[in-house]
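J.: Quick one: structure below, then a few questions.
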Amino acid sequence: MNQGLRRIPFAGPNGGTVYIQSAARDGVVSRLADRIEEQRLDAARVILALVLPMLEADQMSADEAAFMLGRTAESLAEVIAVAESRGERLLPSEDEDEDEDEDDASDD
């Protein structure tokens, strides 16, 4: 990942990955990305709450099962994108890694 950038959880106009300045944490786009992440996580919770009882009841038609599988797969892809985006923000930057290596070397 590029230093100082945050991947947002939705594709750009050409379907590609979009990054914003991570320093703009309180910016409009950053707040929008935060809201979209929360909405996607909430939607996944709702889908899971709907799917589990349907599976336990074992009374879905093939069409219902295919529809729910499609929605579950879409939701899973969105949640993975959120997790990856958040995970990238947790990784230490290269500068921080170099500073820690220098500190470790000076301790010897």
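Chain labels follow the order of the structure tokens: the first chain is A, the next B, and so on; residue numbering restarts at 1 in every chain, and ligands are counted from 1 in their shown order.
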What residues in segment 1-78 of chain A get the DSSP label helix (DSSP H, G or I)? Please answer as a PyMOL selection string.

T.: chain A and resi 28-57+62-78

J.: Take the residues that were just selected and, keeping N, CA and C atoms, output them as a short mmCIF file (atom, residue, chain, number, x, y, z; two decimals), in the first residue's frame.

T.:
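Output file selection-v3.cif follows:
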```
data_model
loop_
_atom_site.label_atom_id
_atom_site.label_comp_id
_atom_site.auth_asym_id
_atom_site.auth_seq_id
_atom_site.Cartn_x
_atom_site.Cartn_y
_atom_site.Cartn_z
N VAL A 28 -14.67 14.72 4.18
CA VAL A 28 -15.98 14.25 3.71
C VAL A 28 -15.90 12.84 3.14
N VAL A 29 -14.91 12.57 2.29
CA VAL A 29 -14.81 11.26 1.65
C VAL A 29 -14.47 10.19 2.69
N SER A 30 -13.61 10.52 3.63
CA SER A 30 -13.25 9.57 4.67
C SER A 30 -14.46 9.22 5.54
N ARG A 31 -15.24 10.21 5.90
CA ARG A 31 -16.45 9.96 6.70
C ARG A 31 -17.46 9.15 5.89
N LEU A 32 -17.57 9.44 4.60
CA LEU A 32 -18.46 8.66 3.73
C LEU A 32 -18.00 7.20 3.68
N ALA A 33 -16.70 6.98 3.54
CA ALA A 33 -16.16 5.62 3.51
C ALA A 33 -16.46 4.90 4.83
N ASP A 34 -16.31 5.60 5.94
CA ASP A 34 -16.63 5.00 7.25
C ASP A 34 -18.09 4.58 7.32
N ARG A 35 -18.99 5.44 6.84
CA ARG A 35 -20.43 5.12 6.86
C ARG A 35 -20.74 3.93 5.95
N ILE A 36 -20.12 3.89 4.78
CA ILE A 36 -20.34 2.77 3.86
C ILE A 36 -19.84 1.47 4.46
N GLU A 37 -18.67 1.51 5.11
CA GLU A 37 -18.16 0.31 5.78
C GLU A 37 -19.17 -0.18 6.82
N GLU A 38 -19.68 0.71 7.64
CA GLU A 38 -20.65 0.32 8.67
C GLU A 38 -21.93 -0.23 8.05
N GLN A 39 -22.40 0.38 6.98
CA GLN A 39 -23.60 -0.11 6.31
C GLN A 39 -23.39 -1.51 5.75
N ARG A 40 -22.23 -1.76 5.21
CA ARG A 40 -21.94 -3.08 4.65
C ARG A 40 -21.86 -4.13 5.75
N LEU A 41 -21.26 -3.77 6.88
CA LEU A 41 -21.21 -4.71 7.99
C LEU A 41 -22.61 -4.96 8.55
N ASP A 42 -23.40 -3.91 8.67
CA ASP A 42 -24.78 -4.07 9.14
C ASP A 42 -25.59 -4.95 8.19
N ALA A 43 -25.42 -4.75 6.88
CA ALA A 43 -26.14 -5.55 5.90
C ALA A 43 -25.74 -7.02 6.02
N ALA A 44 -24.46 -7.29 6.25
CA ALA A 44 -24.00 -8.67 6.41
C ALA A 44 -24.65 -9.31 7.63
N ARG A 45 -24.77 -8.55 8.71
CA ARG A 45 -25.43 -9.07 9.91
C ARG A 45 -26.89 -9.42 9.62
N VAL A 46 -27.57 -8.57 8.88
CA VAL A 46 -28.98 -8.81 8.54
C VAL A 46 -29.11 -10.05 7.67
N ILE A 47 -28.26 -10.15 6.65
CA ILE A 47 -28.31 -11.31 5.75
C ILE A 47 -28.06 -12.59 6.53
N LEU A 48 -27.07 -12.57 7.41
CA LEU A 48 -26.78 -13.76 8.21
C LEU A 48 -27.97 -14.12 9.10
N ALA A 49 -28.59 -13.11 9.70
CA ALA A 49 -29.76 -13.36 10.55
C ALA A 49 -30.93 -13.94 9.75
N LEU A 50 -31.03 -13.62 8.48
CA LEU A 50 -32.09 -14.17 7.64
C LEU A 50 -31.75 -15.58 7.13
N VAL A 51 -30.50 -15.78 6.76
CA VAL A 51 -30.10 -17.04 6.14
C VAL A 51 -30.06 -18.20 7.15
N LEU A 52 -29.53 -17.96 8.34
CA LEU A 52 -29.38 -19.06 9.29
C LEU A 52 -30.70 -19.76 9.61
N PRO A 53 -31.78 -19.04 9.94
CA PRO A 53 -33.04 -19.75 10.20
C PRO A 53 -33.58 -20.47 8.97
N MET A 54 -33.35 -19.90 7.79
CA MET A 54 -33.81 -20.56 6.57
C MET A 54 -33.07 -21.88 6.35
N LEU A 55 -31.78 -21.89 6.66
CA LEU A 55 -31.00 -23.12 6.53
C LEU A 55 -31.45 -24.17 7.55
N GLU A 56 -31.69 -23.70 8.76
CA GLU A 56 -32.11 -24.63 9.82
C GLU A 56 -33.49 -25.22 9.52
N ALA A 57 -34.37 -24.45 8.93
CA ALA A 57 -35.72 -24.92 8.62
C ALA A 57 -35.69 -25.93 7.47
N ALA A 62 -35.20 -24.26 -4.47
CA ALA A 62 -33.92 -24.07 -5.15
C ALA A 62 -33.73 -22.60 -5.56
N ASP A 63 -34.81 -21.95 -5.99
CA ASP A 63 -34.72 -20.53 -6.37
C ASP A 63 -34.41 -19.65 -5.16
N GLU A 64 -35.06 -19.93 -4.04
CA GLU A 64 -34.80 -19.17 -2.81
C GLU A 64 -33.35 -19.37 -2.35
N ALA A 65 -32.90 -20.61 -2.41
CA ALA A 65 -31.53 -20.91 -1.99
C ALA A 65 -30.52 -20.20 -2.90
N ALA A 66 -30.77 -20.21 -4.19
CA ALA A 66 -29.87 -19.54 -5.13
C ALA A 66 -29.85 -18.04 -4.88
N PHE A 67 -31.02 -17.46 -4.62
CA PHE A 67 -31.10 -16.02 -4.35
C PHE A 67 -30.33 -15.68 -3.08
N MET A 68 -30.55 -16.44 -2.02
CA MET A 68 -29.88 -16.16 -0.75
C MET A 68 -28.37 -16.40 -0.86
N LEU A 69 -27.97 -17.40 -1.61
CA LEU A 69 -26.55 -17.65 -1.82
C LEU A 69 -25.91 -16.47 -2.55
N GLY A 70 -26.61 -15.95 -3.54
CA GLY A 70 -26.10 -14.78 -4.26
C GLY A 70 -25.93 -13.57 -3.37
N ARG A 71 -26.94 -13.29 -2.53
CA ARG A 71 -26.85 -12.15 -1.63
C ARG A 71 -25.75 -12.35 -0.59
N THR A 72 -25.62 -13.60 -0.12
CA THR A 72 -24.58 -13.90 0.87
C THR A 72 -23.20 -13.70 0.27
N ALA A 73 -23.00 -14.16 -0.97
CA ALA A 73 -21.71 -13.99 -1.64
C ALA A 73 -21.39 -12.52 -1.86
N GLU A 74 -22.38 -11.73 -2.27
CA GLU A 74 -22.17 -10.28 -2.45
C GLU A 74 -21.76 -9.64 -1.13
N SER A 75 -22.46 -10.00 -0.08
CA SER A 75 -22.18 -9.43 1.24
C SER A 75 -20.80 -9.84 1.72
N LEU A 76 -20.44 -11.10 1.51
CA LEU A 76 -19.12 -11.57 1.92
C LEU A 76 -18.02 -10.81 1.19
N ALA A 77 -18.18 -10.58 -0.10
CA ALA A 77 -17.18 -9.82 -0.87
C ALA A 77 -17.03 -8.40 -0.31
N GLU A 78 -18.16 -7.78 0.05
CA GLU A 78 -18.11 -6.43 0.62
C GLU A 78 -17.43 -6.41 1.98
#
```

J.: Need to verify the contact set: Arg89 of chain A, 9 Å, only C-alpha atoms, exclusion of same-chain residues closer than 2 positions in sequence. Can you return it as a VMD selection string?

T.: chain A and resid 5 to 7 22 84 to 87 91 to 92
